[in-house]
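Chemist: Supplied structure: query_28.cif, mmCIF, C-alpha atoms.
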```cif
data_run
#
loop_
_atom_site.label_atom_id
_atom_site.label_comp_id
_atom_site.auth_asym_id
_atom_site.auth_seq_id
_atom_site.Cartn_x
_atom_site.Cartn_y
_atom_site.Cartn_z
CA THR B 1 29.97 15.60 9.21
CA ALA B 2 30.67 11.97 10.04
CA ASP B 3 27.55 11.89 12.23
CA HIS B 4 25.32 13.16 9.44
CA PRO B 5 26.10 11.80 5.96
CA PRO B 6 25.18 14.14 3.12
CA ILE B 7 21.76 13.75 1.53
CA GLU B 8 22.12 12.79 -2.13
CA MET B 9 19.50 13.17 -4.84
CA VAL B 10 19.51 9.78 -6.59
CA ASP B 11 16.75 10.31 -9.15
CA VAL B 12 13.55 12.18 -10.00
CA ALA B 13 10.32 10.54 -11.15
CA LYS B 14 7.64 12.36 -13.12
CA ILE B 15 4.12 11.72 -11.85
CA PRO B 16 1.54 11.21 -14.60
CA GLY B 17 -0.66 14.31 -14.54
CA GLY B 18 2.06 16.51 -13.04
CA GLY B 19 4.45 16.70 -10.10
CA GLU B 20 7.62 14.83 -9.15
CA LEU B 21 8.86 12.26 -6.68
CA HIS B 22 12.45 12.48 -5.46
CA LEU B 23 14.53 9.47 -4.48
CA LEU B 24 17.03 10.57 -1.82
CA LYS B 25 19.88 8.72 -0.13
CA CYS B 26 21.48 9.45 3.23
CA GLY B 27 24.21 7.00 4.19
CA LYS B 28 22.69 3.56 3.63
CA GLU B 29 19.09 4.74 3.92
CA TYR B 30 16.75 5.82 1.13
CA SER B 31 13.68 8.06 1.09
CA ILE B 32 11.01 8.78 -1.51
CA GLN B 33 9.69 12.31 -1.11
CA PHE B 34 6.90 14.39 -2.58
CA GLY B 35 7.71 18.03 -1.98
CA ARG B 36 8.71 18.27 1.68
CA ASP B 37 6.79 15.15 2.66
CA GLU B 38 8.40 11.74 2.97
CA LEU B 39 6.13 9.12 1.40
CA MET B 40 8.27 6.21 2.49
CA GLY B 41 11.68 5.50 3.89
CA SER B 42 13.84 2.41 4.05
CA GLN B 43 14.11 2.72 7.86
CA ASP B 44 10.44 2.88 8.81
CA HIS B 45 8.38 0.02 7.41
CA VAL B 46 6.60 -1.63 10.35
CA SER B 47 3.12 -0.56 9.25
CA GLU B 48 3.75 -1.13 5.52
CA LYS B 49 4.56 -4.79 6.26
CA ALA B 50 1.62 -5.02 8.68
CA LEU B 51 -0.72 -3.95 5.87
CA ALA B 52 -0.06 -7.35 4.27
CA THR B 53 0.54 -9.61 7.27
CA LEU B 54 -2.51 -8.46 9.25
CA THR B 55 -4.73 -8.71 6.17
CA SER B 56 -3.57 -12.29 5.58
CA GLU B 57 -4.27 -13.17 9.22
CA ARG B 58 -7.85 -11.97 8.78
CA LEU B 59 -8.51 -14.31 5.86
CA VAL B 60 -9.31 -18.01 6.14
CA SER B 61 -7.46 -19.01 2.95
CA LYS B 62 -3.89 -18.00 2.07
CA ASN B 63 -4.27 -19.27 -1.53
CA GLY B 64 -6.16 -16.35 -3.01
CA HIS B 65 -5.59 -13.45 -5.38
CA VAL B 66 -4.16 -10.27 -3.85
CA LEU B 67 -4.03 -6.80 -5.45
CA VAL B 68 -1.28 -4.48 -4.17
CA GLY B 69 -1.80 -0.82 -5.07
CA GLY B 70 1.55 0.97 -5.11
CA LEU B 71 4.98 -0.68 -5.31
CA GLY B 72 6.75 1.76 -2.99
CA MET B 73 9.94 0.26 -1.59
CA GLY B 74 8.57 -3.27 -1.77
CA PHE B 75 7.85 -3.80 1.93
CA THR B 76 4.14 -4.56 1.49
CA LEU B 77 4.84 -6.85 -1.48
CA GLY B 78 7.56 -8.73 0.40
CA ALA B 79 5.30 -9.22 3.41
CA ALA B 80 2.48 -10.41 1.14
CA LEU B 81 4.75 -13.03 -0.43
CA GLU B 82 5.67 -14.27 3.04
CA SER B 83 2.07 -14.26 4.25
CA TRP B 84 0.29 -15.97 1.35
CA SER B 85 0.87 -19.50 0.10
CA ALA B 86 2.76 -20.83 -2.91
CA GLU B 87 -0.61 -21.17 -4.70
CA ALA B 88 -1.53 -17.50 -4.25
CA SER B 89 -1.25 -14.86 -6.98
CA ILE B 90 -0.29 -11.24 -6.35
CA THR B 91 -1.04 -8.46 -8.83
CA VAL B 92 0.85 -5.20 -8.32
CA ALA B 93 -0.45 -1.99 -9.92
CA GLU B 94 2.07 0.86 -10.06
CA LEU B 95 1.31 4.09 -11.89
CA ILE B 96 4.82 5.57 -12.08
CA PRO B 97 7.33 3.82 -14.40
CA GLN B 98 10.34 5.23 -12.55
CA ILE B 99 9.27 3.52 -9.31
CA VAL B 100 9.62 0.19 -11.13
CA ALA B 101 13.03 1.28 -12.44
CA TRP B 102 14.13 2.14 -8.90
CA ALA B 103 12.95 -1.28 -7.69
CA LYS B 104 15.24 -2.91 -10.23
CA GLY B 105 18.06 -0.41 -9.73
CA PRO B 106 19.05 1.61 -6.63
CA LEU B 107 16.42 -0.07 -4.40
CA ALA B 108 16.98 -3.61 -5.68
CA HIS B 109 18.57 -4.62 -2.36
CA LEU B 110 15.28 -3.83 -0.60
CA PHE B 111 13.21 -5.87 -3.05
CA GLY B 112 15.42 -8.95 -3.08
CA GLU B 113 13.85 -11.60 -5.31
CA SER B 114 10.23 -10.50 -4.81
CA LEU B 115 9.68 -9.11 -8.34
CA ALA B 116 10.99 -12.38 -9.81
CA ASP B 117 8.61 -14.48 -7.70
CA PRO B 118 6.35 -16.49 -10.06
CA ARG B 119 3.29 -15.48 -8.01
CA VAL B 120 3.82 -11.79 -8.86
CA SER B 121 2.50 -9.96 -11.91
CA LEU B 122 3.49 -6.28 -12.11
CA HIS B 123 1.42 -3.86 -14.20
CA LEU B 124 2.10 -0.21 -15.04
CA LEU B 125 -1.51 0.80 -14.42
CA ASP B 126 -3.60 2.98 -12.14
CA VAL B 127 -4.87 0.67 -9.39
CA TYR B 128 -8.29 2.33 -9.72
CA ASP B 129 -8.60 1.04 -13.29
CA VAL B 130 -7.62 -2.48 -12.19
CA ILE B 131 -10.27 -2.38 -9.46
CA LEU B 132 -12.92 -1.09 -11.85
CA GLU B 133 -12.31 -3.86 -14.39
CA SER B 134 -12.11 -6.80 -11.94
CA PRO B 135 -15.50 -7.82 -10.52
CA GLN B 136 -15.20 -10.48 -7.76
CA ARG B 137 -11.57 -11.14 -8.67
CA PHE B 138 -9.63 -10.46 -5.47
CA ASP B 139 -9.47 -11.94 -1.98
CA ALA B 140 -7.63 -8.84 -0.75
CA ILE B 141 -6.88 -5.33 -2.02
CA LEU B 142 -3.97 -3.59 -0.26
CA LEU B 143 -3.80 0.16 -0.88
CA ASP B 144 -0.75 2.27 -0.03
CA VAL B 145 -0.68 4.77 -2.88
CA ASP B 146 -0.97 8.02 -0.90
CA ASN B 147 -0.21 9.19 2.63
CA GLY B 148 -3.80 8.40 3.54
CA PRO B 149 -7.34 8.24 2.15
CA ASP B 150 -7.17 11.32 -0.05
CA GLY B 151 -5.50 12.10 -3.35
CA PHE B 152 -2.21 13.38 -1.94
CA ILE B 153 0.15 12.43 -4.78
CA THR B 154 -2.34 13.07 -7.54
CA THR B 155 -5.83 14.47 -7.04
CA VAL B 156 -7.16 11.79 -9.39
CA ASN B 157 -6.60 9.36 -6.49
CA ASP B 158 -9.47 11.01 -4.61
CA ARG B 159 -11.78 8.72 -6.57
CA LEU B 160 -10.21 5.68 -4.86
CA TYR B 161 -11.50 6.85 -1.49
CA SER B 162 -14.85 8.25 -2.65
CA HIS B 163 -18.17 6.39 -2.35
CA THR B 164 -17.85 5.45 -6.04
CA GLY B 165 -14.33 4.10 -5.60
CA LEU B 166 -15.18 2.17 -2.46
CA GLN B 167 -18.22 0.63 -4.13
CA ALA B 168 -15.94 -0.41 -7.03
CA ALA B 169 -13.55 -2.02 -4.54
CA TYR B 170 -16.49 -3.80 -2.90
CA ARG B 171 -17.48 -5.25 -6.31
CA ALA B 172 -13.87 -6.25 -7.08
CA LEU B 173 -13.66 -8.38 -3.93
CA ARG B 174 -14.90 -11.91 -3.59
CA PRO B 175 -17.44 -12.46 -0.77
CA GLY B 176 -15.51 -12.22 2.50
CA GLY B 177 -12.61 -10.40 0.88
CA LEU B 178 -10.76 -7.49 2.48
CA LEU B 179 -9.97 -3.96 1.37
CA SER B 180 -7.04 -2.77 3.51
CA VAL B 181 -5.92 0.87 3.39
CA TRP B 182 -2.73 2.31 4.91
CA SER B 183 -2.62 5.87 6.23
CA SER B 184 -0.21 8.14 8.10
CA TYR B 185 -3.15 9.78 9.90
CA ALA B 186 -6.62 9.13 11.32
CA ASP B 187 -9.72 9.89 9.25
CA ASP B 188 -13.14 9.21 10.79
CA SER B 189 -15.03 10.32 7.69
CA PHE B 190 -13.23 7.69 5.61
CA ALA B 191 -14.21 4.97 8.08
CA GLY B 192 -17.78 6.20 7.73
CA ARG B 193 -17.64 5.95 3.93
CA LEU B 194 -16.32 2.39 4.22
CA SER B 195 -19.27 1.43 6.42
CA ALA B 196 -21.71 3.21 4.12
CA SER B 197 -20.32 1.17 1.19
CA GLY B 198 -21.32 -2.08 2.91
CA PHE B 199 -18.01 -3.04 4.53
CA LYS B 200 -17.52 -4.31 8.07
CA VAL B 201 -14.73 -2.03 9.31
CA ASP B 202 -11.87 -2.60 11.75
CA GLU B 203 -9.23 0.10 12.29
CA ILE B 204 -5.89 -0.37 14.02
CA ILE B 205 -3.14 2.07 14.98
CA LEU B 206 0.52 1.08 14.78
CA PRO B 207 3.75 2.88 15.69
CA ALA B 208 5.25 4.58 12.63
CA TYR B 209 8.56 2.89 13.42
CA VAL B 210 9.94 0.53 16.06
CA GLY B 211 9.85 2.28 19.43
CA SER B 212 7.78 5.26 18.27
CA THR B 213 5.49 6.74 20.92
CA GLU B 214 4.56 9.94 19.09
CA ARG B 215 4.08 9.06 15.42
CA TRP B 216 1.38 6.58 14.49
CA HIS B 217 0.01 5.05 11.33
CA ASN B 218 -3.52 3.77 10.71
CA ILE B 219 -4.75 0.75 8.76
CA TRP B 220 -8.40 0.15 7.93
CA PHE B 221 -9.50 -3.43 7.28
CA ALA B 222 -12.83 -3.39 5.44
CA ALA B 223 -14.43 -6.81 4.99
CA LYS B 224 -17.03 -7.61 2.36
CA PRO B 225 -19.59 -9.93 3.97
CA GLY B 226 -18.99 -13.58 3.07
CA ASP B 227 -17.05 -16.66 4.07
CA LEU B 228 -13.45 -15.73 3.16
CA ALA B 229 -12.95 -13.52 6.20
CA ASP B 230 -12.06 -14.95 9.61
CA ASP B 231 -14.82 -13.23 11.61
CA SER B 232 -13.04 -13.85 14.88
CA ARG B 233 -10.36 -11.40 13.74
CA LEU B 234 -12.73 -8.57 12.82
#
```
Mind converting the file's structure to structure tokens?

Modeler:
Amino acid sequence: TADHPPIEMVDVAKIPGGGELHLLKCGKEYSIQFGRDELMGSQDHVSEKALATLTSERLVSKNGHVLVGGLGMGFTLGAALESWSAEASITVAELIPQIVAWAKGPLAHLFGESLADPRVSLHLLDVYDVILESPQRFDAILLDVDNGPDGFITTVNDRLYSHTGLQAAYRALRPGGLLSVWSSYADDSFAGRLSASGFKVDEIILPAYVGSTERWHNIWFAAKPGDLADDSRL
């Protein structure tokens, strides 16, 4: 009907290790889905932007090196480019080649010029491998690669949120750096693992979309002790 435009299947992406992501379109809006679950939509991106902007606000310097795990629809990357300075550098790790193709194709209008920004370097890599190979390299690590702190898309991602993965993230951060993790749900045990890994943890809850009073998203800000973090914000 005119009130409900048809849902179109735009493309399918193979996930390394098995499974598929579906890019759907309904009217002017897009959705990336895994099975019956929506991973991200072009309408609801308040918390995805906040992942970057609120991390930047918690850091003293806006000139540092940021790692973004997961390209998604580009909302976190775009917010990071707005929040950090012209001297900053932003590394994006995306595991699925088709996501990059979508960013340059059907979703290009959402990305604007962000992928062409000279501060951005995009790598087709597992963010876990980037973290593991980058001791004291990053001022901030922004993770939005699952629906929360467990391996939802691929079980291999469980290692990101394990004690081993969190200790690797701790080592990859400069003193005072922040590991920020987006989630569509609360998880007290994850907050406990962050604390046990040596981080100073702050958790906030945001509406899933503008005006939402029932659906909420969580972001954990985990600071490595040191002088990069603005302690007044933690």

Chemist: Once the PyMOL selection byres ((chain B and resi 111-116) around 12) is applied to the coordinates I shared, what remains selected? I want it as a ChimeraX atom specification.

Modeler: /B:42,71-82,90-92,99-110,117-123

Chemist: For stretch 111-135 of chain B versus stretch 173-179 of chain B, which residues have an atom no more than 9 Å away, and what is each residue's nearest atom pair and distance in Å rounded to one decimal, using only C-alpha atoms, chain-then-number order, as JSON lines?

Modeler:
```
{"residue": "B:Ile131", "atom": "CA", "partner": "B:Leu173", "partner_atom": "CA", "distance": 8.8}
{"residue": "B:Ser134", "atom": "CA", "partner": "B:Leu173", "partner_atom": "CA", "distance": 8.3}
{"residue": "B:Pro135", "atom": "CA", "partner": "B:Leu173", "partner_atom": "CA", "distance": 6.9}
```

Chemist: Each side padded by 5 Å, which centre and which edge lengths in Å (one decimal) define the axis-aligned box around the listed atoms of stretch 207-219 of chain B? Give them as lines of an AutoDock Vina configuration file.

Modeler:
```
center_x = 2.6
center_y = 5.2
center_z = 14.8
size_x = 24.7
size_y = 19.4
size_z = 22.2
```

Chemist: What's the separation between atom CA of B:Val68 and atom CA of B:Ala86, in Å to one decimal place?

Modeler: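 We find that atom CA of B:Val68 and atom CA of B:Ala86 lie 16.9 Å from each other.
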
Chemist: Kindly give the distance, in Å, that separates atom CA of B:Asp187 and atom CA of B:Arg137, rounded to a single decimal.

Modeler: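 Between these atoms lies a distance of 27.7 Å.
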
Chemist: For the structure provided, state which residues fall under the PyMOL selection byres ((chain B and resi 49-60) around 7), and present them as a list in words.

Modeler: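 This file gives the following for the PyMOL selection byres ((chain B and resi 49-60) around 7): His45, Val46, Ser47, Glu48, Ser61, Lys62, Phe75, Thr76, Ala79, Ala80, Ser83, Trp84, Leu142, Ser180, Trp182, Ile219, Leu228, Ala229, Asp230 and Arg233 of chain B.
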
Chemist: For the atom pair atom CA of B:Ser195 and atom CA of B:Val181, what is the interatomic distance in Å to one decimal place?

Modeler: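 These two atoms are separated by 13.7 Å.
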
Chemist: Written as a ChimeraX atom specification, what is the full residue list that the PyMOL selection byres ((chain B and resi 198) around 12) yields on the file shown?

Modeler: /B:163,166-171,175-176,178-179,191-197,199-201,222-226
